[in-house]
Amino acid sequence: MKKDLRIKSQVFDDPKRAPNRAMLRAVGVTDEDFKKPMVGIASTWSEVTPCNMHIDGLARSAKEGAQEAGAVPLIFNTITVSDGISMGTEGMRFSLPSRDVIADSIETVVGAENLDGYVAIGGCDKNIPGCMISIARSEVPAVFVYGGTISPGFRNGDKLDIVSVFEGVGKHNNGDISDDELHGIECHACPGAGSCGGMYTANTMATAVEALGMSLPGSSSNPAESTYKEEDCRKAGQAVYQLLEKGIYPKDIMTKEAFENAITVVMALGGSTNAVLHLLAIAHSIGVDVSLDDFNRIQKEVPHIADLKPSGKYVMQDLHNVGGVPAVMKLLLEAEYLHGDCLTVTGKTLAENLAEASSLEEGQEIILPFEKPYRETGPLVILKGNLAPRGAVAKVSGVKVKRHTGPARVFDTEEEATEAVMNNEINEGDVLVIRYEGPKGGPGMPEMLSISAILVGKGLGEKVALLTDGRFSGGTHGLVVGHIAPEAQVGGPIALLEEGDLVTIDSDLQQISMDVSEEELKTRRKNWTAPPLYSKGVLGKYAHNVSCSSLGAVTDKFDE
């Protein structure tokens with residue numbers, strides 16, 4: 001007798017569930033189907049961003065794979081928002097909260113519909129951690145599939161991406177390029193479907209999920225517009241059925257060692273600062289103890305070996321062409337940087353998967369040898385000090401400046417700071433501080449790619465330090481520090497900083513401090529009053545429930 005693979009949908013067998021079955025018959029479920037596991041296909045398809053505009057087709061491929069394997073697949077949707085489109089506007093405040101809306105909505109459908117497992121397909125930045133948080137909570141077998149990277153744009157022989165346009169704004173403001181040149185860059189940077197092409201947040205998180213063991217080998221580097229990506233989805237549908245057969249759940253895969261693998265690969269490839277925030281949140285959801293200390297420890301052990309944007313010159317499609325993420329992981333495993341015995345969604349261990357992977361293409365220049373790395377330690381550095389007692393995150397790949405001391409130029413909004421930069425009011429040596437942009441204060445912890453890219457475009461990327469309790473895009477590079485905690489809204493030291501105070505950032509010593517005495521800080525604190533907390537709609541709910549960025553900015557209960 002064939003094993004019953006249903007976990008939750010057995011509830012429909014009861015005679016009292018005849019009305020429930022009647023509803024399911026309307027969407028095509030038959031008597032025979034009621035004996036099979038019901039598998040959801042969580043699609044983030046949307047026309048509001050190129051990252052997700054092709055995912056409807058990918059969802060159908062996943063559905064076909066699940067059906068071929070023997071499941072009853074049902075497609076459902078959730079939201080996405082585009083960080084690239086909302087960047088620098090009020091809309092960016094909705095970006096990080098969308099991660100939780102996505103997680104909540106997928107968990108809601110999986111729970112309400114009594115699904116036995118699911119495939120989650122994500123594209124833009126917050127889709128990936130949102131899908132993974134839901135997978136961690138839902139307690140049924142699941143596989144994540146990345147919608148894939150966009151192809152690079154080309155103009156006059158140069159490769160372009162979305163960051164090229166943001167930096168072009170700074171060059172244009174500086175008078176270095178014309179209106180026509182900026183328009184030309186704008187028109188050629190994003191040639192089709194897929195997520196931003198460098199080692200930015202989407203590609204970083206897709207890579208982390210593959211290293212975590214929750215997506216199929218190669219899924220993170222296969223391009224969006226390719227037969228590889230369609231096959232990823234078909235195989236993911238089949239893989240969920242196989243996980244049901246083997247009784248493998250997310251908690252069996254997402255262990256502490258698996259998270260260490262994910263952090264290791266992010267460090268090696270020079271990933272986004274957002275990986276810190278998202279991996280902390282995913283670990284919290286699955287009940288695994290991961291903290292900033294783990295990032296700090298692994299950063300010291302793992303070299304940065306990838307010449308990938310934003311600090312390098314290549315994009316994810318280039319990496320795909322020379323072997324992709326599996327080839328990099330194979331290299332890391334051979335050098336004993338990874339835990340090879342971790343279970344994955346293939347039902348095999350990481351080492352077993354990588355034994356079948358190809359090695360990096362001979363003569364390739366994207367991944368550097370361990371003896372000549374891009375940087376001897378990881379590029380995501382955790383800083384602490386009297387300005388950030390609970391930590392801050394800096395990405396130092398490609399940054400030659402190890403220590404910077406300068407006067408604080410303090411702004412309570414990104415808009416005011418941007419205006420000052422565009423009006424040439426920020427000078428070399430300054431420390432540009434943007435506060436009240438944290439999880440609660442933003443609310444929503446908006447990214448600062450727009451202003452950081454303008455600084456780079458104006459030639460100030462390593463001449464002005466940019467600090468914030470908000471976030472930075474994976475596309476940001478330069479002398480920047482984000483996630484300063486505690487944030488200004490809750491009275492963190494950044495709220496007490498005043499114009500002209502000397503601030504020091506030292507990446508070697510991993511310190512961030514202000515030259516202000518404890519006595520003076522006590523006096524300032526007595527005169528400080530917290531601004532009213534935002535209280536309307538989704539941002540209000542978020543502001544009142546979100547935790548500190550050092551804990552992953554999660555919205556479910558967290559014992560701090």
# chains A, B, ... in the order shown; residues from 1 in each chain; ligands from 1

$ residues_around --residues "range 289-297 of chain A" --least-positions-apart "2" --cutoff "10 Å" --atoms "only C-alpha atoms" --output "number ranges by chain"
A: 255-256, 259-260, 263-264, 267, 276-277, 279-284, 286-287, 299-302, 378, 380-383, 390-393, 510, 550-552

$ residues_around --residues "range 459-461 of chain A" --least-positions-apart "5" --cutoff "9 Å" --atoms "only C-alpha atoms" --output "VMD selection string"
chain A and resid 170 to 171 174 399 427 to 428 452 to 454 466 477 to 480

$ write_last_selection --atoms "C-alpha atoms" --output "mmCIF file, in the first residue's frame"
data_model
loop_
_atom_site.group_PDB
_atom_site.id
_atom_site.type_symbol
_atom_site.label_atom_id
_atom_site.label_comp_id
_atom_site.auth_asym_id
_atom_site.auth_seq_id
_atom_site.Cartn_x
_atom_site.Cartn_y
_atom_site.Cartn_z
ATOM 1 C CA GLY A 170 25.814 62.094 -8.786
ATOM 2 C CA LYS A 171 27.995 62.494 -11.877
ATOM 3 C CA ASN A 174 28.685 67.227 -10.476
ATOM 4 C CA VAL A 399 37.312 50.627 0.595
ATOM 5 C CA ASN A 427 32.886 68.585 2.447
ATOM 6 C CA GLU A 428 35.734 66.099 2.284
ATOM 7 C CA SER A 452 25.393 56.897 -1.082
ATOM 8 C CA ALA A 453 25.479 56.548 -4.871
ATOM 9 C CA ILE A 454 25.297 60.335 -5.308
ATOM 10 C CA LEU A 466 27.979 58.114 5.777
ATOM 11 C CA HIS A 477 29.701 50.914 -1.693
ATOM 12 C CA GLY A 478 31.987 53.489 -0.176
ATOM 13 C CA LEU A 479 32.686 54.545 3.403
ATOM 14 C CA VAL A 480 29.279 53.690 4.867
#

$ select_by_dssp --residues "range 87-291 of chain A" --states "helix (DSSP H, G or I)" --output "PyMOL selection string"
chain A and resi 90-112+127-138+162-173+179-188+201-212+227-246+250-253+256-269+274-286

$ closest_atom_pairs --of "range 219-256 of chain A" --to "range 180-198 of chain A" --cutoff "12 Å" --atoms "only C-alpha atoms" --output "CSV"
residue,atom,partner,partner_atom,distance
A:Ser220,CA,A:Ser195,CA,11.1
A:Ser221,CA,A:Gly197,CA,10.1
A:Asn222,CA,A:Gly194,CA,10.4
A:Pro223,CA,A:Gly194,CA,7.4
A:Ala224,CA,A:Gly194,CA,5.0
A:Glu225,CA,A:Ala193,CA,6.7
A:Ser226,CA,A:Ala193,CA,10.4
A:Lys229,CA,A:Gly194,CA,10.7

$ write_last_selection --atoms "N, CA, C and O atoms" --output "mmCIF file, in the first residue's frame"
data_model
loop_
_atom_site.group_PDB
_atom_site.id
_atom_site.type_symbol
_atom_site.label_atom_id
_atom_site.label_comp_id
_atom_site.auth_asym_id
_atom_site.auth_seq_id
_atom_site.Cartn_x
_atom_site.Cartn_y
_atom_site.Cartn_z
ATOM 1 N N SER A 220 20.618 29.772 -7.264
ATOM 2 C CA SER A 220 20.878 31.175 -6.943
ATOM 3 C C SER A 220 21.599 31.929 -8.045
ATOM 4 O O SER A 220 21.508 33.156 -8.113
ATOM 5 N N SER A 221 22.320 31.232 -8.915
ATOM 6 C CA SER A 221 23.069 31.936 -9.963
ATOM 7 C C SER A 221 22.509 31.726 -11.362
ATOM 8 O O SER A 221 22.997 32.343 -12.328
ATOM 9 N N ASN A 222 21.500 30.880 -11.515
ATOM 10 C CA ASN A 222 20.886 30.704 -12.834
ATOM 11 C C ASN A 222 20.096 31.957 -13.224
ATOM 12 O O ASN A 222 19.269 32.431 -12.450
ATOM 13 N N PRO A 223 20.336 32.513 -14.417
ATOM 14 C CA PRO A 223 19.688 33.762 -14.825
ATOM 15 C C PRO A 223 18.167 33.641 -14.937
ATOM 16 O O PRO A 223 17.622 32.557 -15.195
ATOM 17 N N ALA A 224 17.495 34.778 -14.764
ATOM 18 C CA ALA A 224 16.030 34.818 -14.792
ATOM 19 C C ALA A 224 15.475 34.351 -16.132
ATOM 20 O O ALA A 224 14.533 33.557 -16.187
ATOM 21 N N GLU A 225 16.039 34.860 -17.198
ATOM 22 C CA GLU A 225 15.525 34.543 -18.535
ATOM 23 C C GLU A 225 16.375 33.435 -19.152
ATOM 24 O O GLU A 225 17.223 33.665 -20.005
ATOM 25 N N SER A 226 16.130 32.210 -18.673
ATOM 26 C CA SER A 226 16.894 31.060 -19.159
ATOM 27 C C SER A 226 16.103 29.786 -18.938
ATOM 28 O O SER A 226 15.224 29.719 -18.080
ATOM 29 N N LYS A 229 16.374 28.371 -15.383
ATOM 30 C CA LYS A 229 15.471 28.843 -14.340
ATOM 31 C C LYS A 229 14.137 28.101 -14.391
ATOM 32 O O LYS A 229 13.573 27.747 -13.346
#

$ residues_around --residues "Met53 in chain A" --least-positions-apart "4" --cutoff "9 Å" --atoms "only C-alpha atoms" --output "list in words"
Thr44, Trp45, Ser46, Glu47, Val48, Thr49, Gly123, Ala193 and Gly194 of chain A

$ write_last_selection --atoms "all heavy atoms" --output "short mmCIF file (atom, residue, chain, number, x, y, z; two decimals), in the first residue's frame"
data_model
loop_
_atom_site.label_atom_id
_atom_site.label_comp_id
_atom_site.auth_asym_id
_atom_site.auth_seq_id
_atom_site.Cartn_x
_atom_site.Cartn_y
_atom_site.Cartn_z
N THR A 44 5.35 35.23 -6.20
CA THR A 44 5.45 36.67 -5.95
C THR A 44 5.37 37.44 -7.26
O THR A 44 5.92 38.54 -7.38
CB THR A 44 6.77 36.99 -5.22
OG1 THR A 44 7.86 36.49 -6.00
CG2 THR A 44 6.80 36.38 -3.83
N TRP A 45 4.66 36.87 -8.24
CA TRP A 45 4.54 37.54 -9.55
C TRP A 45 3.89 38.90 -9.42
O TRP A 45 2.94 39.10 -8.67
CB TRP A 45 3.69 36.68 -10.51
CG TRP A 45 3.36 37.44 -11.76
CD1 TRP A 45 4.20 37.69 -12.81
CD2 TRP A 45 2.12 38.07 -12.07
NE1 TRP A 45 3.54 38.45 -13.76
CE2 TRP A 45 2.27 38.70 -13.33
CE3 TRP A 45 0.90 38.18 -11.41
CZ2 TRP A 45 1.24 39.40 -13.95
CZ3 TRP A 45 -0.12 38.89 -12.02
CH2 TRP A 45 0.05 39.49 -13.28
N SER A 46 4.45 39.85 -10.15
CA SER A 46 3.90 41.20 -10.17
C SER A 46 4.50 41.95 -11.35
O SER A 46 5.62 41.67 -11.77
CB SER A 46 4.23 41.93 -8.87
OG SER A 46 3.81 43.27 -8.93
N GLU A 47 3.77 42.92 -11.84
CA GLU A 47 4.28 43.78 -12.91
C GLU A 47 4.88 45.08 -12.38
O GLU A 47 5.25 45.95 -13.15
CB GLU A 47 3.16 44.10 -13.91
CG GLU A 47 2.70 42.88 -14.71
CD GLU A 47 1.63 43.22 -15.74
OE1 GLU A 47 0.92 44.22 -15.53
OE2 GLU A 47 1.53 42.48 -16.73
N VAL A 48 5.02 45.21 -11.04
CA VAL A 48 5.53 46.46 -10.49
C VAL A 48 7.06 46.50 -10.46
O VAL A 48 7.64 47.52 -10.09
CB VAL A 48 4.98 46.74 -9.07
CG1 VAL A 48 3.47 46.80 -9.08
CG2 VAL A 48 5.48 45.71 -8.06
N THR A 49 7.72 45.42 -10.83
CA THR A 49 9.19 45.40 -10.82
C THR A 49 9.71 44.34 -11.80
O THR A 49 9.10 43.26 -11.92
CB THR A 49 9.73 45.10 -9.41
OG1 THR A 49 11.15 44.89 -9.50
CG2 THR A 49 9.08 43.88 -8.78
N GLY A 123 11.69 37.03 -6.06
CA GLY A 123 12.60 37.77 -6.92
C GLY A 123 13.27 38.91 -6.19
O GLY A 123 14.41 38.82 -5.76
N ALA A 193 13.77 40.95 -17.53
CA ALA A 193 13.33 40.41 -16.24
C ALA A 193 14.52 39.97 -15.40
O ALA A 193 15.58 39.60 -15.91
CB ALA A 193 12.40 39.23 -16.48
N GLY A 194 14.31 40.01 -14.09
CA GLY A 194 15.31 39.52 -13.15
C GLY A 194 15.71 40.56 -12.13
O GLY A 194 15.44 41.75 -12.29
#

$ closest_residue --among "A:Asn274, A:Leu331, A:Thr377, A:Leu539" --to "Pro303 in chain A" --atoms "only C-alpha atoms"
A:Thr377

$ closest_residue --among "A:Glu519, A:Glu245, A:Glu416, A:Glu361" --to "Gly347 in chain A" --atoms "only C-alpha atoms"
A:Glu245

$ atom_distance --atom1 "CA of Leu360 in chain A" --atom2 "CA of Val328 in chain A"
7.0 Å

$ closest_residue --among "A:Gly457, A:Gly474, A:Pro532, A:Gly438" --to "Asp176 in chain A" --atoms "only C-alpha atoms"
A:Gly457
